[in-house]
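Asks: Got a structure for you, questions after.
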Amino acid sequence: MLDTESIRKDFPFLRQGCIYLDSTATSLTPEPVLNKMLEYYREYRANIERGIYKAAQIATDAFEGARAEIARLINAKPEEIILVRNTSEGINLVASGQGLKKGDRVVTTILEHHSNFIVWLRARKRVGAEVKVVMSDGEGFLDLSDFERAINGRTRLVAVTHTSNVLGVRPPVKEIVKMAHDKGALVLVDGAQSVPHTKVDVKALGCDFLAFSGHKMCGPTGAGALYIREDLQEKIEPLCIGGGTIEDVGIDHYRLRQGPSRYEAGTPAIAEVIGMGAAASYLMEIGMPNIAAHDASLTKKVLEGLQEVPSLTLYGPKDPRKRAGIFSFNLGRFHPHDLAVALDAAAGVMVRSGHHCALPLHKHILKLDSGTVRASVYLYNTEQDVEVLLSALSEISKTML
């Protein structure tokens with residue numbers, strides 16, 4: 001079990017006395033991560049890879065050490081980790097680098113964040129690729145038989161979330177990977193909501209690509225990672241090329257480097273990557289199984305409580321064993337934005353409202369135009385946080401509906 005009170009001391013944002021329940025959008029950042037980033041700026045502020053003076057070598061070692069820690073978090077090799085700005089950039093790299101052409105099929109799902117949805121619609125518009133969207137049931141569950149029908153001999157890629165950022169459902173990704181590979185297709189997994197909360201093992205999962213963001217896993221904004229299986233790297237074109245990506249350049253030719261460097265053009269977000277590596281170390285020191293167990297405990301409490309609030313409609317699975325700690329709901333006739341403002345004003349509870357970058361899911365599955373309110377839990381949240389949320393919702397329901 002987590003020592004939540006000790007963990008909370010690492011997060012200066014919480015000293016305000018607020019209740020932060022928006023970690024699905026972005027997580028808070030602990031002092032050890034902030035200190036590691038400041039150490040770079042204060043003690044060895046230099047560019048990486050090419051400088052031969054001491055500060056540059058220290059910076060390079062710290063940057064590559066961060067890559068190694070990020071790789072260790074998901075059981076990958078350091079050379080399989082491409083350092084990008086965020087999950088969206090990682091997905092775009094795969095989308096642009098695959099060389100999709102007319103008639104190629106991409107299979108995705110109705111659960112996806114826009115970042116793992118509109119890139120495929122753009123491929124359809126630009127090159128004539130075919131996009132097949134697998135639909136879910138009302139709670140967000142996907143049927144493997146629908147994937148069996150959707151994945152055919154022309155399917156180049158299956159792109160699927162590991163955890164829905166709206167309903168908290170966890171698709172059967174391992175089974176989807178096997179099905180896709182049996183038919184010759186590759187699999188991209190959006191790990192933005194899974195990597196920060198549970199042990200993700202890309203070797204056990206079998207996926208070909210996995211994208212995730214540092215800012216959702218206690219790291220800074222501006223740093224993310226894309227896992228590309230090592231044997232696939234020469235087949236995926238970089239999104240950008242330039243400084244740092246080349247092995248040789250002549251007047252009329254160039255040759256790209258091997259490994260992650262071929263994808264990492266220009267000066268990267270050095271401090272942010274070092275911070276993301278520190279965040280990976282921080283989470284692993286606490287223990288991903290411990291974080292997952294803490295999330296599960298709070299999920300059960302939130303689910304039970306939300307279902308007791310008068311006039312509240314909860315979306316997604318009602319069984320806590322079948323979802324992550326992400327809860328989308330509406331309360332009576334309240335517009336989601338109004339309810340979010342009321343929770344902040346009445347109890348200092350910070351939640352998200354809107355469509356959560358998942359308009360197709362809201363339109364076609366939830367049948368909602370105005371969106372939902374979303375609360376989410378993480379390692380620094382407590383049972384008291386949950387109780388304040390539930391009490392505030394009940395009070396608003398009683399006095400304002």
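By convention in this document, the chains of the structure tokens carry letters A, B, ... by their order, each chain's residues are numbered from 1, and ligands are numbered from 1 in the order they are shown.
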Just want the 10 Å neighbourhood of Lys101 (chain A), counted on only C-alpha atoms, with same-chain residues fewer than 4 positions away dropped. Output as an mmCIF file with C-alpha atoms, in the first residue's frame.
Replies:
```
data_model
loop_
_atom_site.group_PDB
_atom_site.id
_atom_site.type_symbol
_atom_site.label_atom_id
_atom_site.label_comp_id
_atom_site.auth_asym_id
_atom_site.auth_seq_id
_atom_site.Cartn_x
_atom_site.Cartn_y
_atom_site.Cartn_z
ATOM 1 C CA ARG A 105 -6.728 0.044 -44.108
ATOM 2 C CA ALA A 123 -4.594 9.855 -44.008
ATOM 3 C CA ARG A 124 -7.891 8.972 -45.656
ATOM 4 C CA ARG A 126 -4.616 12.812 -48.136
ATOM 5 C CA VAL A 127 -3.784 9.431 -49.660
ATOM 6 C CA GLY A 128 -7.044 7.508 -49.819
ATOM 7 C CA ALA A 129 -6.371 5.161 -46.925
ATOM 8 C CA GLU A 130 -9.433 3.352 -45.595
ATOM 9 C CA ARG A 156 -1.587 -1.947 -42.315
#
```
Asks: Mind checking which residues fall within 10 Å of region 386-392 of chain A, counting only C-alpha atoms, ignoring those fewer than 2 positions away in the same chain, and posting them as a PDB file with C-alpha atoms, in the first residue's frame?
Replies:
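To be explicit, this is the file written out as out18.pdb:
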```pdb
ATOM      1  CA  ILE A  19      -8.405  18.730  -4.232  1.00  0.00           C
ATOM      2  CA  LEU A  21      -8.976  15.332  -9.546  1.00  0.00           C
ATOM      3  CA  LEU A 298     -10.103   4.760  -4.795  1.00  0.00           C
ATOM      4  CA  THR A 299     -11.958   3.673  -7.940  1.00  0.00           C
ATOM      5  CA  LYS A 301     -14.983   4.150  -3.450  1.00  0.00           C
ATOM      6  CA  VAL A 302     -15.710   6.729  -6.155  1.00  0.00           C
ATOM      7  CA  GLU A 304     -19.995   3.385  -5.102  1.00  0.00           C
ATOM      8  CA  GLY A 305     -20.398   7.007  -4.050  1.00  0.00           C
ATOM      9  CA  LEU A 306     -21.302   8.445  -7.436  1.00  0.00           C
ATOM     10  CA  GLN A 307     -24.117   5.954  -7.826  1.00  0.00           C
ATOM     11  CA  GLU A 308     -25.640   7.267  -4.586  1.00  0.00           C
ATOM     12  CA  VAL A 309     -25.760  10.920  -5.689  1.00  0.00           C
ATOM     13  CA  ALA A 342     -19.621  24.892  -8.907  1.00  0.00           C
ATOM     14  CA  LEU A 343     -17.379  22.111  -7.557  1.00  0.00           C
ATOM     15  CA  ASP A 344     -14.346  24.363  -7.639  1.00  0.00           C
ATOM     16  CA  ALA A 346     -17.982  25.234  -3.346  1.00  0.00           C
ATOM     17  CA  ALA A 347     -15.300  22.754  -2.325  1.00  0.00           C
ATOM     18  CA  GLY A 348     -12.041  23.511  -4.139  1.00  0.00           C
ATOM     19  CA  VAL A 349     -12.475  20.339  -6.206  1.00  0.00           C
ATOM     20  CA  MET A 350     -10.751  20.516  -9.594  1.00  0.00           C
ATOM     21  CA  VAL A 351     -12.318  18.379 -12.325  1.00  0.00           C
ATOM     22  CA  ALA A 375     -12.940  13.284 -12.271  1.00  0.00           C
ATOM     23  CA  SER A 376      -9.803  11.148 -12.087  1.00  0.00           C
ATOM     24  CA  VAL A 377      -7.559   9.847  -9.330  1.00  0.00           C
ATOM     25  CA  ASN A 381      -5.271  11.393  -3.964  1.00  0.00           C
ATOM     26  CA  THR A 382      -6.853  10.188  -0.740  1.00  0.00           C
ATOM     27  CA  GLU A 383     -10.154   8.794   0.470  1.00  0.00           C
ATOM     28  CA  GLN A 384     -10.821  12.215   1.972  1.00  0.00           C
ATOM     29  CA  SER A 394     -24.696  15.538  -3.166  1.00  0.00           C
ATOM     30  CA  GLU A 395     -25.078  19.031  -1.749  1.00  0.00           C
ATOM     31  CA  ILE A 396     -25.271  20.602  -5.206  1.00  0.00           C
ATOM     32  CA  SER A 397     -27.795  17.985  -6.238  1.00  0.00           C
ATOM     33  CA  LYS A 398     -30.020  18.694  -3.234  1.00  0.00           C
TER      34      LYS A 398
END
```
Asks: Using only C-alpha atoms, which protein or nucleic acid residues come within 10 Å of region 310-324 of chain A? Drop anything in the same chain fewer than 6 positions from it, and give the result as JSON, numbers by chain.
Replies: {"A": [137, 138, 139, 140, 141, 163, 164, 165, 166, 167, 168, 169, 170, 171, 193, 194, 197, 198, 292, 295, 296, 297, 298, 299, 300, 301, 302, 303, 304, 330, 331, 332, 333, 366, 372, 373, 374, 376, 377, 393, 394, 395, 396, 397, 398, 401]}
Asks: Looking only at strand (DSSP E) from DSSP on the backbone, list the matching residues of region 159-378 of chain A as an MDAnalysis selection string.
Replies: chainID A and resid 159:161 186:190 209:213 224:228 246:249 254:256 312:315 326:331 349:350 352:354 372:376
Asks: May I have the residues within 8 Å of region 176-182 of chain A as an NGL selection string, using only C-alpha atoms and disregarding those fewer than 4 positions away in the same chain?
Replies: :A and (144 or 147-148 or 151 or 157-158 or 172 or 186-187 or 205-207)
Asks: Select, from A:Leu93, A:Lys132, A:Lys125, A:Pro220, the residue with the minimum atom-to-atom distance to Thr108 (chain A), counting only C-alpha atoms.
Replies: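 When distances to Thr108 (chain A) are compared using only C-alpha atoms, the smallest one comes from A:Lys132.
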Asks: Pick out the closest residue to Glu272 (chain A) from this set: A:Ser370, A:Thr24, A:Ser145, A:Asn35. Count only C-alpha atoms.
Replies: A:Asn35
Asks: Pick out the closest residue to Met217 (chain A) from this set: A:Leu283, A:Asp146, A:Gly51, A:Thr161. Count only C-alpha atoms.
Replies: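 Looking only at the distances to Met217 (chain A), the closest residue turns out to be A:Leu283.
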Asks: List the spatial neighbours of Ala159 (chain A) as a ChimeraX atom specification - criterion: any atom at most 12 Å away, only C-alpha atoms, same-chain residues fewer than 6 positions off excluded.
Replies: /A:91-92,94-95,105-120,131-134,147,151,171,173,176-177,180,185-191,207-211
Asks: Distance CA of Tyr282 (chain A)-CA of Arg45 (chain A), one decimal place?
Replies: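 Separating CA of Tyr282 (chain A) from CA of Arg45 (chain A) is a distance of 22.7 Å.
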